[in-house]
Each structure stands twice: as C-alpha cells, then as structure tokens.
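Participant: Mind having a look at this structure? Questions to follow.
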Amino acid sequence: MYFYNKLKKKFLFLIKKDTIFFMAQYKTHSTFNIFLALPLFLWAILYFFHPHLNLLITFASCFIYATLFMNPDLDVANKIKLFSLRGLLTLPFRGYSLIFRHRGLSHSFIFGTTTRVLWLGGFFYGILFALDKPFFKKNELLAILQSDYFLYGFSAIVLADFCHLILDFKHKK
Ligand SMILES: [Zn+2]
C-alpha cells in the first residue's frame with residue numbers, strides 16, 4: 001500500500017509536470033506567432049502583393065486560428081481540458097492526437113499542415129454526410145481550392161506552423 005501510494009504520487013506529479021510543460025510551450029508559441037510573426041507577415045504581404053483587405057483578413061484569421069487551435073502540438077490534443085474554450089475549439093483534433101505521435105508527422109513542414117487541413121475538412125465532411133446534406137460538386141470543390149482565399153488561408157496555416165517548428169527546433173537544441 002505504501003508503495004502504491006508512492007507510485008501514484010509520482011505518476012500524478014509527472015502528469016502535472018507534463019501539462020505545465022505543454023502550457024508553457026503553448027504560451028511561448030502563441031505569443032511569438034501572434035505578436036511577432038503575424039505583424040511581420042502582414043507587413044510583407046501588404047508591401048509585396050497589395051492584396052484586397054478581405055484576403056488580408058483571411059490570412060490573419062487563419063494564422064491566428066492555426067496558431068491557437070490547429071498547431072502541430074495538436075498531436076497531444078487529448079491532454080487539453082475538454083470543457084474549456086480551447087478544448088471545444090480543438091475538439092475535432094482529439095482523434096488526431098490518438099493517431100499522430102507527439103513531434104512525429106504532425107511536426108513536418110507543409111506535410112504536417114496538410115494532414116491537419118485534411119483532418120478538419122474530413123471532420124466537417126463527415127458531419128455533412130451524417131446530416132445527409134447535399135455534397136459539394138467536384139467543380140465547386142476545385143473552384144474553392146483554386147481561389148485566392150484558399151491560397152491565402154492555406155499559406156497562413158503553413159507559415160504559422162513553420163514558426164512553430166522553428167521555435168521547437170530552437171527548444172530542442
Ligand atoms: Zn511542437
């Protein structure tokens with residue numbers, strides 16, 4: 001009994017430490033992305049491409065969403081408290097974290113991002129399927145994929161993940 005209690009105590013301590021570690025990283029990643037990287041990217045895009053305001057807003061919102069709720073660390077999404085804002089907004093990825101090992105595939109450049117975009121797309125497609133709603137036609141889907149909105153949105157997610165990877169890399173060294 002004594003050993004059991006000791007073991008439990010040790011285990012709880014480990015989990016707690018783990019959670020705190022991820023939280024600290026989460027804060028660092030979010031602050032770096034949103035307050036340093038995002039303004040720089042917005043400035044660069046404005047300067048080089050002069051896009052329509054709507055495209056800039058698309059970029060910024062996708063970047064922020066990707067940073068907060070769709071980042072490479074969602075491979076540990078099941079560690080997030082379920083009944084919280086963050087828990088609800090990362091709900092689609094709880095299954096994702098069961099399949100993708102931490103700092104594995106989800107932490108690869110562009111490919112990791114693609115797995116999450118496809119995962120989220122598949123999640124909503126699954127809901128539409130369950131509700132028996134009419135599906136996209138093939139050319140409608142192609143039109144979306146070829147639009148500037150998709151280009152800006154997807155680039156934003158790739159860049160947000162890229163900043164995450166840089167910080168992770170620095171952290172590991
Ligand atoms: Zn990470």
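In the structure tokens, each chain is lettered A, B, ... as it comes, each chain's residues begin at 1, and ligands are numbered from 1 in order of appearance.
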Quick one: residues within 7 Å of Ser97 in chain A, only C-alpha atoms, excluding same-chain residues fewer than 6 positions away - as a ChimeraX atom specification?
Facilitator: /A:74-78
Participant: Export C-alpha atoms of the chosen residues as a PDB file, in the first residue's frame?
Facilitator:
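Listed below is the output, again-v4.pdb:
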```
ATOM      1  CA  LEU A  74      -2.400  19.058 -31.511  1.00  0.00           C
ATOM      2  CA  ASP A  75      -0.760  15.670 -31.622  1.00  0.00           C
ATOM      3  CA  VAL A  76      -1.290  15.982 -27.845  1.00  0.00           C
ATOM      4  CA  ALA A  77      -4.812  17.466 -28.127  1.00  0.00           C
ATOM      5  CA  ASN A  78      -6.228  14.808 -25.807  1.00  0.00           C
TER       6      ASN A  78
END
```
Participant: Can you tell me which residues sit at most 9 Å away from ligand 1, counting only C-alpha atoms and all ligand atoms, written as a PyMOL selection string?
Facilitator: chain A and resi 22+25-26+29+71-75+102-103+106-107+161+164-165+167-169
Participant: For the selection you just gave me, I'd like the residues written to a file as a PDB file, in the first residue's frame, keeping N, CA and C atoms.
Facilitator:
```pdb
ATOM      1  N   PHE A  22       3.592  21.660 -21.415  1.00  0.00           N
ATOM      2  CA  PHE A  22       2.899  21.960 -22.664  1.00  0.00           C
ATOM      3  C   PHE A  22       2.252  23.346 -22.625  1.00  0.00           C
ATOM      4  N   GLN A  25       4.873  25.969 -23.233  1.00  0.00           N
ATOM      5  CA  GLN A  25       5.215  25.991 -24.651  1.00  0.00           C
ATOM      6  C   GLN A  25       4.112  26.651 -25.461  1.00  0.00           C
ATOM      7  N   TYR A  26       2.879  26.324 -25.096  1.00  0.00           N
ATOM      8  CA  TYR A  26       1.726  26.872 -25.807  1.00  0.00           C
ATOM      9  C   TYR A  26       1.735  28.392 -25.741  1.00  0.00           C
ATOM     10  N   HIS A  29       4.685  29.757 -27.915  1.00  0.00           N
ATOM     11  CA  HIS A  29       4.356  29.656 -29.338  1.00  0.00           C
ATOM     12  C   HIS A  29       3.326  30.709 -29.743  1.00  0.00           C
ATOM     13  N   ASN A  71      -2.341  23.965 -34.238  1.00  0.00           N
ATOM     14  CA  ASN A  71      -0.880  23.922 -34.345  1.00  0.00           C
ATOM     15  C   ASN A  71      -0.353  22.481 -34.298  1.00  0.00           C
ATOM     16  N   PRO A  72       0.923  22.305 -34.644  1.00  0.00           N
ATOM     17  CA  PRO A  72       1.488  20.950 -34.670  1.00  0.00           C
ATOM     18  C   PRO A  72       1.364  20.208 -33.341  1.00  0.00           C
ATOM     19  N   ASP A  73       1.252  20.937 -32.223  1.00  0.00           N
ATOM     20  CA  ASP A  73       1.149  20.263 -30.925  1.00  0.00           C
ATOM     21  C   ASP A  73      -0.224  19.649 -30.690  1.00  0.00           C
ATOM     22  N   LEU A  74      -1.110  19.727 -31.673  1.00  0.00           N
ATOM     23  CA  LEU A  74      -2.400  19.058 -31.511  1.00  0.00           C
ATOM     24  C   LEU A  74      -2.243  17.549 -31.545  1.00  0.00           C
ATOM     25  N   ASP A  75      -1.008  17.097 -31.781  1.00  0.00           N
ATOM     26  CA  ASP A  75      -0.760  15.670 -31.622  1.00  0.00           C
ATOM     27  C   ASP A  75      -0.841  15.285 -30.141  1.00  0.00           C
ATOM     28  N   HIS A 102       3.507  12.437 -30.737  1.00  0.00           N
ATOM     29  CA  HIS A 102       3.978  13.798 -30.499  1.00  0.00           C
ATOM     30  C   HIS A 102       5.312  14.050 -31.193  1.00  0.00           C
ATOM     31  N   ARG A 103       5.371  15.184 -31.853  1.00  0.00           N
ATOM     32  CA  ARG A 103       6.552  15.585 -32.621  1.00  0.00           C
ATOM     33  C   ARG A 103       6.927  14.570 -33.695  1.00  0.00           C
ATOM     34  N   SER A 106       3.151  15.177 -37.529  1.00  0.00           N
ATOM     35  CA  SER A 106       2.463  16.462 -37.417  1.00  0.00           C
ATOM     36  C   SER A 106       3.457  17.614 -37.349  1.00  0.00           C
ATOM     37  N   HIS A 107       4.701  17.293 -37.025  1.00  0.00           N
ATOM     38  CA  HIS A 107       5.730  18.328 -36.933  1.00  0.00           C
ATOM     39  C   HIS A 107       6.610  18.384 -38.175  1.00  0.00           C
ATOM     40  N   ASP A 161       2.501  27.277 -38.802  1.00  0.00           N
ATOM     41  CA  ASP A 161       3.139  26.026 -38.399  1.00  0.00           C
ATOM     42  C   ASP A 161       4.655  26.120 -38.539  1.00  0.00           C
ATOM     43  N   HIS A 164       6.083  27.706 -35.618  1.00  0.00           N
ATOM     44  CA  HIS A 164       6.046  26.743 -34.514  1.00  0.00           C
ATOM     45  C   HIS A 164       7.258  25.815 -34.598  1.00  0.00           C
ATOM     46  N   LEU A 165       7.530  25.322 -35.810  1.00  0.00           N
ATOM     47  CA  LEU A 165       8.627  24.372 -35.997  1.00  0.00           C
ATOM     48  C   LEU A 165       9.974  25.013 -35.683  1.00  0.00           C
ATOM     49  N   LEU A 167      10.575  27.430 -33.541  1.00  0.00           N
ATOM     50  CA  LEU A 167      10.715  27.522 -32.083  1.00  0.00           C
ATOM     51  C   LEU A 167      10.988  26.159 -31.461  1.00  0.00           C
ATOM     52  N   ASP A 168      10.283  25.142 -31.943  1.00  0.00           N
ATOM     53  CA  ASP A 168      10.507  23.787 -31.430  1.00  0.00           C
ATOM     54  C   ASP A 168      11.952  23.383 -31.653  1.00  0.00           C
ATOM     55  N   PHE A 169      12.456  23.706 -32.840  1.00  0.00           N
ATOM     56  CA  PHE A 169      13.810  23.335 -33.208  1.00  0.00           C
ATOM     57  C   PHE A 169      14.817  24.014 -32.279  1.00  0.00           C
TER      58      PHE A 169
END
```
Participant: If you run DSSP over the backbone, which residues in range 18-166 of chain A end up helix (DSSP H, G or I)? Put them as a CSV table (one decimal) with C-alpha atoms, in the first residue's frame.
Facilitator:
```csv
chain,number,residue,atom,x,y,z
A,18,ASP,CA,3.8,17.4,-18.4
A,19,THR,CA,0.8,19.6,-18.6
A,20,ILE,CA,2.6,22.6,-17.2
A,21,PHE,CA,5.4,22.0,-19.8
A,22,PHE,CA,2.9,22.0,-22.7
A,23,MET,CA,1.1,25.0,-21.3
A,24,ALA,CA,4.3,27.0,-21.1
A,25,GLN,CA,5.2,26.0,-24.7
A,26,TYR,CA,1.7,26.9,-25.8
A,27,LYS,CA,2.1,30.4,-24.4
A,28,THR,CA,5.5,30.9,-25.9
A,29,HIS,CA,4.4,29.7,-29.3
A,30,SER,CA,1.2,31.8,-29.3
A,31,THR,CA,2.9,34.9,-28.2
A,32,PHE,CA,5.7,34.5,-30.7
A,33,ASN,CA,3.4,33.8,-33.6
A,34,ILE,CA,0.7,36.4,-33.0
A,35,PHE,CA,2.7,39.3,-31.7
A,36,LEU,CA,5.9,39.0,-33.7
A,37,ALA,CA,5.5,36.8,-36.8
A,38,LEU,CA,2.0,37.8,-37.8
A,39,PRO,CA,2.6,41.6,-38.0
A,40,LEU,CA,5.8,40.9,-40.0
A,41,PHE,CA,4.0,38.6,-42.4
A,42,LEU,CA,1.1,41.1,-42.8
A,43,TRP,CA,3.5,43.9,-43.5
A,44,ALA,CA,5.4,41.8,-46.1
A,45,ILE,CA,2.2,40.7,-47.8
A,46,LEU,CA,0.9,44.3,-48.0
A,47,TYR,CA,4.2,45.5,-49.3
A,48,PHE,CA,4.8,42.9,-52.0
A,49,PHE,CA,1.3,41.8,-53.1
A,53,LEU,CA,-8.5,43.8,-47.5
A,54,ASN,CA,-10.7,40.6,-47.4
A,55,LEU,CA,-7.7,38.5,-48.3
A,56,LEU,CA,-5.6,40.1,-45.6
A,57,ILE,CA,-8.3,39.4,-43.1
A,58,THR,CA,-8.5,35.8,-44.3
A,59,PHE,CA,-4.7,35.5,-43.8
A,60,ALA,CA,-4.8,37.0,-40.3
A,61,SER,CA,-7.7,34.9,-39.1
A,62,CYS,CA,-6.4,31.7,-40.5
A,63,PHE,CA,-3.0,32.4,-39.0
A,64,ILE,CA,-4.5,33.1,-35.5
A,65,TYR,CA,-6.7,30.0,-35.7
A,66,ALA,CA,-3.8,27.8,-36.8
A,67,THR,CA,-1.6,29.2,-34.0
A,68,LEU,CA,-4.2,28.7,-31.2
A,69,PHE,CA,-6.2,25.7,-32.2
A,72,PRO,CA,1.5,21.0,-34.7
A,73,ASP,CA,1.1,20.3,-30.9
A,74,LEU,CA,-2.4,19.1,-31.5
A,75,ASP,CA,-0.8,15.7,-31.6
A,76,VAL,CA,-1.3,16.0,-27.8
A,77,ALA,CA,-4.8,17.5,-28.1
A,78,ASN,CA,-6.2,14.8,-25.8
A,79,LYS,CA,-4.2,16.4,-23.0
A,85,LEU,CA,-12.9,27.2,-24.9
A,86,ARG,CA,-9.6,25.7,-26.1
A,87,GLY,CA,-11.0,22.2,-25.5
A,88,LEU,CA,-14.1,22.8,-27.6
A,89,LEU,CA,-12.3,24.6,-30.4
A,91,LEU,CA,-12.5,19.1,-30.4
A,92,PRO,CA,-12.1,17.8,-34.0
A,93,PHE,CA,-8.4,17.0,-33.3
A,96,TYR,CA,-5.9,13.2,-34.5
A,97,SER,CA,-3.8,13.1,-31.4
A,98,LEU,CA,-4.5,9.4,-31.0
A,99,ILE,CA,-3.1,8.6,-34.4
A,105,LEU,CA,4.5,13.5,-38.7
A,106,SER,CA,2.5,16.5,-37.4
A,107,HIS,CA,5.7,18.3,-36.9
A,111,PHE,CA,3.1,17.8,-44.9
A,112,GLY,CA,2.1,18.1,-41.2
A,113,THR,CA,-0.1,21.1,-42.0
A,114,THR,CA,-1.8,19.2,-44.8
A,115,THR,CA,-2.6,16.3,-42.5
A,116,ARG,CA,-4.5,18.8,-40.2
A,117,VAL,CA,-6.3,20.7,-43.0
A,118,LEU,CA,-7.4,17.3,-44.5
A,119,TRP,CA,-8.4,16.1,-41.0
A,120,LEU,CA,-10.5,19.2,-40.3
A,121,GLY,CA,-12.0,19.0,-43.8
A,122,GLY,CA,-12.8,15.4,-43.3
A,123,PHE,CA,-14.4,16.1,-39.9
A,124,PHE,CA,-16.8,18.7,-41.4
A,125,TYR,CA,-17.4,16.5,-44.4
A,126,GLY,CA,-18.3,13.7,-42.0
A,127,ILE,CA,-20.8,16.0,-40.3
A,128,LEU,CA,-22.4,16.9,-43.6
A,129,PHE,CA,-22.5,13.3,-44.5
A,130,ALA,CA,-24.2,12.4,-41.2
A,131,LEU,CA,-26.7,15.1,-41.7
A,138,LYS,CA,-16.3,18.3,-57.8
A,139,ASN,CA,-16.0,21.6,-59.7
A,140,GLU,CA,-17.3,23.6,-56.8
A,141,LEU,CA,-14.5,22.0,-54.6
A,142,LEU,CA,-12.0,22.7,-57.3
A,143,ALA,CA,-13.1,26.4,-57.5
A,144,ILE,CA,-12.6,26.7,-53.8
A,145,LEU,CA,-9.1,25.1,-53.9
A,146,GLN,CA,-8.1,27.5,-56.8
A,148,ASP,CA,-7.2,33.3,-53.7
A,149,TYR,CA,-9.0,32.9,-50.4
A,150,PHE,CA,-7.8,29.3,-50.2
A,151,LEU,CA,-4.3,30.3,-51.2
A,152,TYR,CA,-4.1,33.0,-48.5
A,153,GLY,CA,-5.7,30.8,-45.9
A,154,PHE,CA,-3.6,27.8,-46.6
A,155,SER,CA,-0.4,29.8,-46.7
A,156,ALA,CA,-1.3,31.4,-43.4
A,157,ILE,CA,-1.6,28.0,-41.8
A,158,VAL,CA,1.7,26.7,-43.3
A,159,LEU,CA,3.5,29.8,-42.1
A,160,ALA,CA,2.0,29.7,-38.6
A,161,ASP,CA,3.1,26.0,-38.4
A,162,PHE,CA,6.5,27.0,-39.8
A,163,CYS,CA,7.1,29.5,-37.0
A,164,HIS,CA,6.0,26.7,-34.5
A,165,LEU,CA,8.6,24.4,-36.0
A,166,ILE,CA,11.4,27.0,-35.8
```
Participant: Could you work out how far CA of Ser84 in chain A lies from CA of Gly104 in chain A, giving the answer in Å with one decimal?
Facilitator: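 Between these atoms lies a distance of 26.1 Å.
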Participant: Could you please determine the separation between CA of Gly95 in chain A and CA of His171 in chain A in Å, to one decimal place?
Facilitator: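 Answer for the CA of Gly95 in chain A to CA of His171 in chain A separation: 26.6 Å.
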